[in-house]
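Heads up: the structure comes next, in structure tokens.
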Amino acid sequence: MVEVKQGHPEISQDQALLPNRSTWWARRQKRFPILQRKRGVALIIALMILPLFGLLGLLALRNRDGGSNGQAAGAQSGQQLITDDTYFYGQSEPVYPSPSMTGAGLWSDAYDKAANFVRQLSIEEKVSLASGIFSSTGSSGTVNGCSGNIDAIPRMNFSGFCLNDAGQGVRGTDFVSGFPSGLHVAASWNKDLARSRAESIGLEFRVKGVNIHLGPVVGPLGRIARGGRNWEGFSPDPYLTGALVSETVSGIQSQGVITSTKHFIGNEQETNRQPTGDVESVSANIDDQTMHELYLWPFQDAVKAGTANIMCSYNRVNNSYSCANSKIQNGLLKTELGFQGAISSDWGAMHAGVSSALAGMDMVMPNSDLWGDKLVESVKNGSVPEDRLTDMATRIMAGYYQVGQDKDFPNPGVGMPADLTKPHEIIDARNISSQQILLDGAIEGHVLLKNVNNALPLRKPRMLSVFGYSAKNPDQWNYKSNGGVAAWTFGGESAYLGRDTSEGFSGHYYEDFSDIAPNGTLFSGGGSGAVTPASVSAPFDALNARALDDRTAVFWDFFSPEPDVVSASDACLVIVNAFASEGYDRPHLHDDFTDGLIRHVADRCSNTIVIFHNAGIRLVDQWIEHPNVTALMFAHLPGEASGRALVSLLYGESNPSGKLPFTIAKNESDYGHLAGPDLPEGQFERFPQSNFSAEGVYIDYRHFDAHEITPRYEFGFGLSYTSFNYSNLRVSKSSSSSSGNASTSFAELPTGAVREGGQADLWDVLATASADIGNTGQVGGAEVAQLYVGIPAPESIGAPARQLRGFAKTFVNVSRVATVEFELTRRDLSFWDVGAQRWRLPRGDYQIWVGGSSRDLPLKGTLTI
């Protein structure tokens with residue numbers, strides 16, 4: 001994305017009551033105003049440096065005979081500071097040449113059309129397909145408001161491409177909807193709803209003339225608890241994420257819009273995501289087993305679902321930049337997974353021209369001096385074979401034909417004006433059919449975590465008190481022309497008008513970022529994944545409307561850290577948030593201001609109900625056991641229907657059915673080194689290293705299980721207004737593979753040909769399981785049944801004790817029983833064999849568990865292979 005530094009906005013008198021920058025340095029600045037000026041900072045630095053000169057003099061005297069060993073300050077004792085990336089050569093296996101598209105499987109017709117189209121192009125025209133022109137962040141467009149553009153080729157009747165963000169809906173333009181975030185969808189555990197949401201999103205992108213949807217997100221997966229972009233993706237569990245991304249890709253592309261599944265791969269932290277100064281991007285160092293069993297898994301599902309584009313990421317992988325990494329692009333994607341589409345760069349993620357082309361990247365965004373005319377020159381002088389360029393163009397055009405954009409697709413960017421403040425044709429992308437999907441999606445992603453003393457649902461309370469900064473709409477919801485990283489465009493209206501997001505986009509990874517968005521409720525997180533809906537429903541708007549109907553007296557205070565509390569209130573709602581944004585990682589998993597507000601209200605109100613709009617994990621142990629905190633709900637990021645959804649749940653019109661897509665610890669230290677990002681240090685100060693192999697496949701609930709740590713709320717947990725009973729687990733092997741060849745279905749290694757998603761027989765169903773769920777409560781409700789597998793892999797493999805391998809959401813009426821069924825594929829039951837370089841199906845007894853969460857598994861069975 002464009003990196004624009006934006007000044008800090010003014011904060012109103014009311015907002016000044018909220019925490020801003022409360023660090024030691026901020027307090028010194030307030031006390032000594034000179035420190036707010038550059039000369040003051042320079043003075044402090046000079047005073048700090050002076051004593052060092054004396055020390056350096058002593059060191060010089062001490063070493064005058066022995067000389068310097070060249071070690072830079074900050075490097076670890078006895079280790080040389082690495083200053084050249086040649087140190088890392090060979091850490092990422094080279095895989096060349098880049099394999100050409102084959103048109104295998106369902107891509108045959110699209111391949112033939114694309115090959116015929118590209119055959120008629122000149123070198124310059126092929127390059128134009130691969131090289132972006134003109135860029136916009138949605139508030140400073142040139143040609144249009146699209147995030148990126150590919151130029152037209154008029155003589156071929158090709159209109160070009162508009163590429164635009166993002167996962168929650170069309171960003172940065174008018175007359176669009178705001179859908180729930182990826183994290184919110186994961187909390188719903190509803191595959192059908194994920195598909196419906198995707199179809200509605202795809203339709204809006206199509207109406208606006210967006211050819212390529214920059215999403216969905218499966219990287220970050222969620223390795224780091226404080227990851228700034230975790231909310232854009234689904235869940236740190238690869239199976240849950242894979243199932244939901246499959247439905248998302250299929251749904252969006254069913255509307256004729258290409259999905260660019262991102263960010264490939266290992267993009268698990270924002271800190272040092274891009275090179276700044278003399279510090280390179282962080283390297284995600286991922287071993288082969290961890291790569292396949294965690295981070296590649298959901299991308300494999302996306303490829304199997306037919307995604308026509310993959311976006312390579314900012315970070316390095318095994319010390320090679322992702323977009324120039326031949327192992328992950330040529331090797332994993334295009335060879336092992338049989339990917340038929342094109343690989344595009346993230347915005348500004350390409351750092352080498354020829355090597356990126358040879359390593360398998362097919363399209364640069366938003367533009368680059370390294371391609372364009374330079375790529376033409378490289379092809380003509382033989383540095384890049386013309387066959388490689390032809391394959392780039394063919395893959396790009398094959399996606400165009402595969403989703404049917406050659407048939408009645410709107411002109412690129414037709415509904416994406418470059419400047420919304422200027423007169424333009426209104427293209428209303430919203431569809432009445434999406435309204436129920438928006439509401440249902442918002443409702444089902446809420447997770448009820450605590451509910452004692454029948455606190456919920458509310459029943460026409462006589463008096464209601466509402467507190468907290470996330471109850472109301474933002475003070476501002478307004479487009480800013482030529483605003484760069486503007487608040488509305490990048491989801492910062494509630495978060496100091498985008499102050500922190502702007503800092504993060506400028507590469508300032510170590511600022512004193514806020515944990516919260518204090519200026520209003522959250523519909524999304526911040527950054528390019530934000531959403532800009534035409535209309536919104538804030539919690540207090542919907543609550544007040546309900547109170548008017550019920551003749552409920554309402555008191556409220558959205559600003560005070562220690563508000564007056566009417567103790568006679570039937571209920572006190574504290575509505576707060578935990579903010580996250582692209583560009584930086586969250587500073588903490590809780591904040592003292594919000595925790596203090598909750599405790600203050602709970603000390604004075606016997607029925608305190610806490611609602612969090614949380615862009616990720618949020619710790620609750622500072623107040624969760626307070627006797628007056630009777631209910632807790634995680635509302636995540638619900639999109640435009642936020643208020644209506646919350647009121648529907650609080651008043652019992654809807655029954656909570658969401659489940660946690662992550663683990664909530666009791667203490668941040670329980671996450672170990674996975675709590676926060678890896679930082680530049682020691683000899684790698686200029687080449688930050690993030691060693692995924694330290695934990696391997698043990699992230700989130702797998703980590704808690706392996707280390708026998710009791711979480712506050714486990715992965716998959718969520719309450720309902722009713723109760724459920726599990727019974728009658730049945731597990732059986734399939735009689736033959738889906739291809740009908742019984743003799744090979746249970747062989748240890750797959751033998752199928754490579755198709756989209758890898759070897760075809762990885763998707764054979766080898767076993768099925770079913771269980772009965774009875775509703776033993778007083779109201780109808782939906783339950784998410786979860787199936788976990790213990791794979792009998794050799795001890796040296798280190799397979800987790802339990803891994804999610806199935807889930808099903810079903811509605812059960814009172815006193816009725818529903819049956820849920822699960823299918824287990826070869827991949828589900830296998831581990832990645834590094835030596836064989838294939839998925840191995842081990843012999844032995846597989847443990848099968850079914851229940852309502854990762855730690856509530858009343859049914860247990862065995863599958864023997």
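Ordering of the structure tokens sets the chain letters (A, B, ...), residue numbers begin anew at 1 in every chain, and ligands are numbered from 1 in the order given.
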Near-stretch 353-368 of chain A list (6 Å; only C-alpha atoms; drop same-chain fewer than 5 positions) as a ChimeraX atom specification:
/A:98,130-133,135,148,323-326,329-330,342-345,347,392
Find the spatial neighbours of A:Cys572, counting only C-alpha atoms, within a cut-off of 7 Å - ignore same-chain residues fewer than 2 positions away - and output them as a PyMOL selection string.
chain A and resi 464-466+569+574+605+607-609
What does the file look like for those residues with all heavy atoms, as a JSON list (two decimals), in the first residue's frame?
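Here's the written file selection-v9.json:
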```json
[["chain", "number", "residue", "atom", "x", "y", "z"],
["A", 464, "LEU", "N", -31.80, 0.91, 32.42],
["A", 464, "LEU", "CA", -30.59, 0.38, 31.78],
["A", 464, "LEU", "C", -29.53, 1.47, 31.77],
["A", 464, "LEU", "O", -29.81, 2.62, 31.42],
["A", 464, "LEU", "CB", -30.91, -0.06, 30.35],
["A", 464, "LEU", "CG", -29.94, -0.96, 29.61],
["A", 464, "LEU", "CD1", -29.83, -2.32, 30.28],
["A", 464, "LEU", "CD2", -30.40, -1.13, 28.15],
["A", 465, "SER", "N", -28.32, 1.12, 32.18],
["A", 465, "SER", "CA", -27.20, 2.06, 32.10],
["A", 465, "SER", "C", -26.18, 1.53, 31.10],
["A", 465, "SER", "O", -25.85, 0.34, 31.10],
["A", 465, "SER", "CB", -26.53, 2.21, 33.47],
["A", 465, "SER", "OG", -27.40, 2.87, 34.38],
["A", 466, "VAL", "N", -25.70, 2.42, 30.25],
["A", 466, "VAL", "CA", -24.77, 2.03, 29.19],
["A", 466, "VAL", "C", -23.49, 2.85, 29.31],
["A", 466, "VAL", "O", -23.53, 4.07, 29.36],
["A", 466, "VAL", "CB", -25.39, 2.24, 27.79],
["A", 466, "VAL", "CG1", -24.44, 1.76, 26.70],
["A", 466, "VAL", "CG2", -26.73, 1.54, 27.68],
["A", 569, "SER", "N", -30.00, 0.27, 38.56],
["A", 569, "SER", "CA", -30.16, -0.20, 37.18],
["A", 569, "SER", "C", -30.41, -1.70, 37.15],
["A", 569, "SER", "O", -29.76, -2.46, 37.86],
["A", 569, "SER", "CB", -28.91, 0.13, 36.35],
["A", 569, "SER", "OG", -28.66, 1.52, 36.32],
["A", 574, "VAL", "N", -21.40, -2.52, 29.67],
["A", 574, "VAL", "CA", -20.12, -1.87, 29.42],
["A", 574, "VAL", "C", -19.65, -2.35, 28.05],
["A", 574, "VAL", "O", -19.30, -3.52, 27.88],
["A", 574, "VAL", "CB", -19.08, -2.22, 30.51],
["A", 574, "VAL", "CG1", -17.79, -1.43, 30.26],
["A", 574, "VAL", "CG2", -19.63, -1.92, 31.89],
["A", 605, "CYS", "N", -22.56, -1.89, 40.33],
["A", 605, "CYS", "CA", -23.75, -2.42, 39.66],
["A", 605, "CYS", "C", -23.73, -3.94, 39.77],
["A", 605, "CYS", "O", -22.78, -4.59, 39.31],
["A", 605, "CYS", "CB", -23.78, -1.98, 38.19],
["A", 605, "CYS", "SG", -25.22, -2.57, 37.27],
["A", 607, "ASN", "N", -25.37, -6.20, 38.27],
["A", 607, "ASN", "CA", -25.62, -6.95, 37.04],
["A", 607, "ASN", "C", -24.89, -6.27, 35.89],
["A", 607, "ASN", "O", -25.48, -5.58, 35.07],
["A", 607, "ASN", "CB", -27.12, -7.02, 36.76],
["A", 607, "ASN", "CG", -27.46, -7.97, 35.61],
["A", 607, "ASN", "OD1", -26.69, -8.88, 35.29],
["A", 607, "ASN", "ND2", -28.61, -7.76, 34.97],
["A", 608, "THR", "N", -23.57, -6.45, 35.89],
["A", 608, "THR", "CA", -22.72, -5.80, 34.90],
["A", 608, "THR", "C", -22.45, -6.76, 33.75],
["A", 608, "THR", "O", -21.91, -7.85, 33.95],
["A", 608, "THR", "CB", -21.39, -5.35, 35.53],
["A", 608, "THR", "OG1", -21.66, -4.42, 36.58],
["A", 608, "THR", "CG2", -20.48, -4.72, 34.50],
["A", 609, "ILE", "N", -22.83, -6.34, 32.56],
["A", 609, "ILE", "CA", -22.70, -7.16, 31.35],
["A", 609, "ILE", "C", -21.67, -6.49, 30.45],
["A", 609, "ILE", "O", -21.82, -5.33, 30.07],
["A", 609, "ILE", "CB", -24.05, -7.28, 30.63],
["A", 609, "ILE", "CG1", -25.06, -8.00, 31.54],
["A", 609, "ILE", "CG2", -23.90, -8.02, 29.30],
["A", 609, "ILE", "CD1", -26.49, -7.91, 31.05]]
```
Give me every strand (DSSP E) residue in stretch 133-231 of chain A, going by DSSP on the backbone, as a PyMOL selection string.
chain A and resi 133-135+148-150+161-164+212-213
Give me the residues near A:Met633 as a list in words, where near means some atom within 6 Å (using only C-alpha atoms) and where sequence neighbours in that chain fewer than 4 positions away do not count.
Val447, Leu448, Leu449 and Ile611 of chain A
Since we have the selection now, will you write its residues out, keeping N, CA and C atoms, as a short mmCIF file (atom, residue, chain, number, x, y, z; two decimals), in the first residue's frame?
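Produced file result27.cif, reproduced below:
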```cif
data_model
loop_
_atom_site.label_atom_id
_atom_site.label_comp_id
_atom_site.auth_asym_id
_atom_site.auth_seq_id
_atom_site.Cartn_x
_atom_site.Cartn_y
_atom_site.Cartn_z
N VAL A 447 -19.87 -14.30 20.45
CA VAL A 447 -19.63 -15.47 21.30
C VAL A 447 -19.95 -15.10 22.75
N LEU A 448 -20.89 -15.81 23.33
CA LEU A 448 -21.25 -15.63 24.74
C LEU A 448 -20.30 -16.47 25.59
N LEU A 449 -19.53 -15.83 26.46
CA LEU A 449 -18.50 -16.52 27.23
C LEU A 449 -18.87 -16.71 28.69
N ILE A 611 -19.45 -6.24 26.97
CA ILE A 611 -19.42 -6.58 25.54
C ILE A 611 -18.16 -6.00 24.93
#
```
Leaving out A:Ala808 and any residue of its chain fewer than 6 positions from it, which residues lie within 12 Å of it when counting only C-alpha atoms, given as a list in words?
Ser188, Trp189, Asn190, Lys191, Asp192, Leu240, Ala243, Lys659, Ala769, Ser770, Ala771, Asp772, Ile773, Ala782, Glu783, Val784, Ala785, Gln786, Leu787, Ala818, Thr819, Val820, Glu821, Phe822, Glu823, Val850, Gly851 and Gly852 of chain A
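Of the listed residues (A:Trp839, A:Trp107, A:Tyr698, A:Phe724), A:Tyr698 comes nearest to A:Ala801; the distances count only C-alpha atoms.
For the pair atom CA of A:Glu562 and atom CA of A:Phe523, the separation is 25.6 Å.
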Selected residue of minimal separation from A:Gln79 among A:Ile426, A:Arg702, A:Phe717, A:Phe684, counting only C-alpha atoms
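When distances to A:Gln79 are compared using only C-alpha atoms, the smallest one comes from A:Phe684.
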Any idea what's packed within 7 Å of stretch 581-594 of chain A, counting only C-alpha atoms, ignoring anything in its chain fewer than 5 positions away? Could you give it as a list in words?
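Residues meeting the cut-off are Pro19, Arg226, Gly227, Gly228, Arg229, Gln269, Glu270, Thr271, Thr501, Gly504, Phe505, Tyr509, Phe513, Asp515, Gly525, Gly526, Gly527, Ile617, Arg618, Leu619 and Glu668 of chain A.
Nearest residue to A:Thr83, choosing from A:Gly682, A:Pro792, A:Gly777, A:Gly182 and counting only C-alpha atoms: A:Gly682.
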Mind checking which residues fall within 12 Å of A:Leu439, counting only C-alpha atoms, ignoring those fewer than 6 positions away in the same chain, and posting them as a ChimeraX atom specification?
/A:177-180,193,196-197,433,445-446,536-537,638-649,654
Top pick for closest residue to A:Arg712, considering A:Lys407, A:Val452, A:Val620, A:Glu204 and counting only C-alpha atoms
A:Val620
Identify, on the basis of only C-alpha atoms, every residue whose closest approach to A:Ser796 does not exceed 12 Å; exclude the query and any residue fewer than 6 positions from it along the same chain; express the result as number ranges by chain.
A: 289, 831, 833-834
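Here the question is which of A:Pro99, A:Leu294, A:Gly529, A:Pro539 gets nearest to A:Leu337 using only C-alpha atoms, and that residue is A:Pro99.
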Among listed residues A:Asn691, A:Gln683, A:Ser470, A:Thr751, nearest A:Gln80 (using only C-alpha atoms):
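Looking only at the distances to A:Gln80, the closest residue turns out to be A:Gln683.
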Please report the interatomic distance between atom CA of A:Lys809 and atom CA of A:Ile709 in Å with one decimal.
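That distance, rounded to one decimal, is 27.8 Å.
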If you run DSSP over the backbone, which residues in stretch 566-788 of chain A end up helix (DSSP H, G or I)? Put them as a PyMOL selection string.
chain A and resi 592-602+639-650+668-674+682-684+692-694+701-706+760-763
How would the residues just picked look written out with C-alpha atoms as a PDB file, in the first residue's frame?
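To be explicit, this is the file written out as selection.pdb:
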```pdb
ATOM      1  CA  ASP A 592      -5.634  -0.752  32.060  1.00  0.00           C
ATOM      2  CA  PHE A 593      -8.103   1.952  31.069  1.00  0.00           C
ATOM      3  CA  THR A 594     -10.753  -0.479  29.905  1.00  0.00           C
ATOM      4  CA  ASP A 595     -10.158  -2.958  32.714  1.00  0.00           C
ATOM      5  CA  GLY A 596     -10.438  -0.120  35.220  1.00  0.00           C
ATOM      6  CA  LEU A 597     -13.708   1.065  33.697  1.00  0.00           C
ATOM      7  CA  ILE A 598     -15.194  -2.434  33.899  1.00  0.00           C
ATOM      8  CA  ARG A 599     -14.141  -2.883  37.520  1.00  0.00           C
ATOM      9  CA  HIS A 600     -15.449   0.561  38.428  1.00  0.00           C
ATOM     10  CA  VAL A 601     -18.898  -0.183  37.034  1.00  0.00           C
ATOM     11  CA  ALA A 602     -18.967  -3.720  38.449  1.00  0.00           C
ATOM     12  CA  GLY A 639     -19.726  -5.009  10.172  1.00  0.00           C
ATOM     13  CA  GLU A 640     -22.545  -2.585   9.488  1.00  0.00           C
ATOM     14  CA  ALA A 641     -25.276  -4.564  11.318  1.00  0.00           C
ATOM     15  CA  SER A 642     -23.392  -4.416  14.628  1.00  0.00           C
ATOM     16  CA  GLY A 643     -26.024  -2.701  16.757  1.00  0.00           C
ATOM     17  CA  ARG A 644     -29.009  -4.588  15.410  1.00  0.00           C
ATOM     18  CA  ALA A 645     -27.214  -7.903  15.888  1.00  0.00           C
ATOM     19  CA  LEU A 646     -26.199  -7.127  19.459  1.00  0.00           C
ATOM     20  CA  VAL A 647     -29.695  -6.082  20.521  1.00  0.00           C
ATOM     21  CA  SER A 648     -31.190  -9.173  18.911  1.00  0.00           C
ATOM     22  CA  LEU A 649     -28.883 -11.296  21.069  1.00  0.00           C
ATOM     23  CA  LEU A 650     -29.156  -9.293  24.292  1.00  0.00           C
ATOM     24  CA  GLU A 668      -0.298 -13.099  28.351  1.00  0.00           C
ATOM     25  CA  SER A 669       2.735 -15.130  29.434  1.00  0.00           C
ATOM     26  CA  ASP A 670       0.715 -18.306  28.821  1.00  0.00           C
ATOM     27  CA  TYR A 671       1.247 -17.785  25.080  1.00  0.00           C
ATOM     28  CA  GLY A 672       5.004 -17.909  25.606  1.00  0.00           C
ATOM     29  CA  HIS A 673       7.058 -16.422  22.779  1.00  0.00           C
ATOM     30  CA  LEU A 674       3.943 -16.496  20.593  1.00  0.00           C
ATOM     31  CA  GLY A 682      21.860  -9.442  18.204  1.00  0.00           C
ATOM     32  CA  GLN A 683      23.766 -10.243  15.057  1.00  0.00           C
ATOM     33  CA  PHE A 684      20.476 -10.143  13.119  1.00  0.00           C
ATOM     34  CA  PHE A 692       8.666 -20.735  13.389  1.00  0.00           C
ATOM     35  CA  SER A 693      10.444 -24.016  14.024  1.00  0.00           C
ATOM     36  CA  ALA A 694      10.797 -23.053  17.685  1.00  0.00           C
ATOM     37  CA  TYR A 701      -4.811 -24.602  21.493  1.00  0.00           C
ATOM     38  CA  ARG A 702      -2.122 -27.067  20.422  1.00  0.00           C
ATOM     39  CA  HIS A 703       0.378 -25.032  22.463  1.00  0.00           C
ATOM     40  CA  PHE A 704      -1.911 -24.997  25.507  1.00  0.00           C
ATOM     41  CA  ASP A 705      -2.544 -28.732  25.227  1.00  0.00           C
ATOM     42  CA  ALA A 706       1.134 -29.611  24.795  1.00  0.00           C
ATOM     43  CA  ALA A 760      -6.039 -35.859  -6.344  1.00  0.00           C
ATOM     44  CA  ASP A 761      -6.403 -38.711  -3.862  1.00  0.00           C
ATOM     45  CA  LEU A 762      -5.564 -36.450  -0.920  1.00  0.00           C
ATOM     46  CA  TRP A 763      -9.233 -35.525  -1.060  1.00  0.00           C
TER      47      TRP A 763
END
```
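Rounded to one decimal, atom CA of A:Arg223 and atom CA of A:Glu268 lie 6.1 Å from each other.
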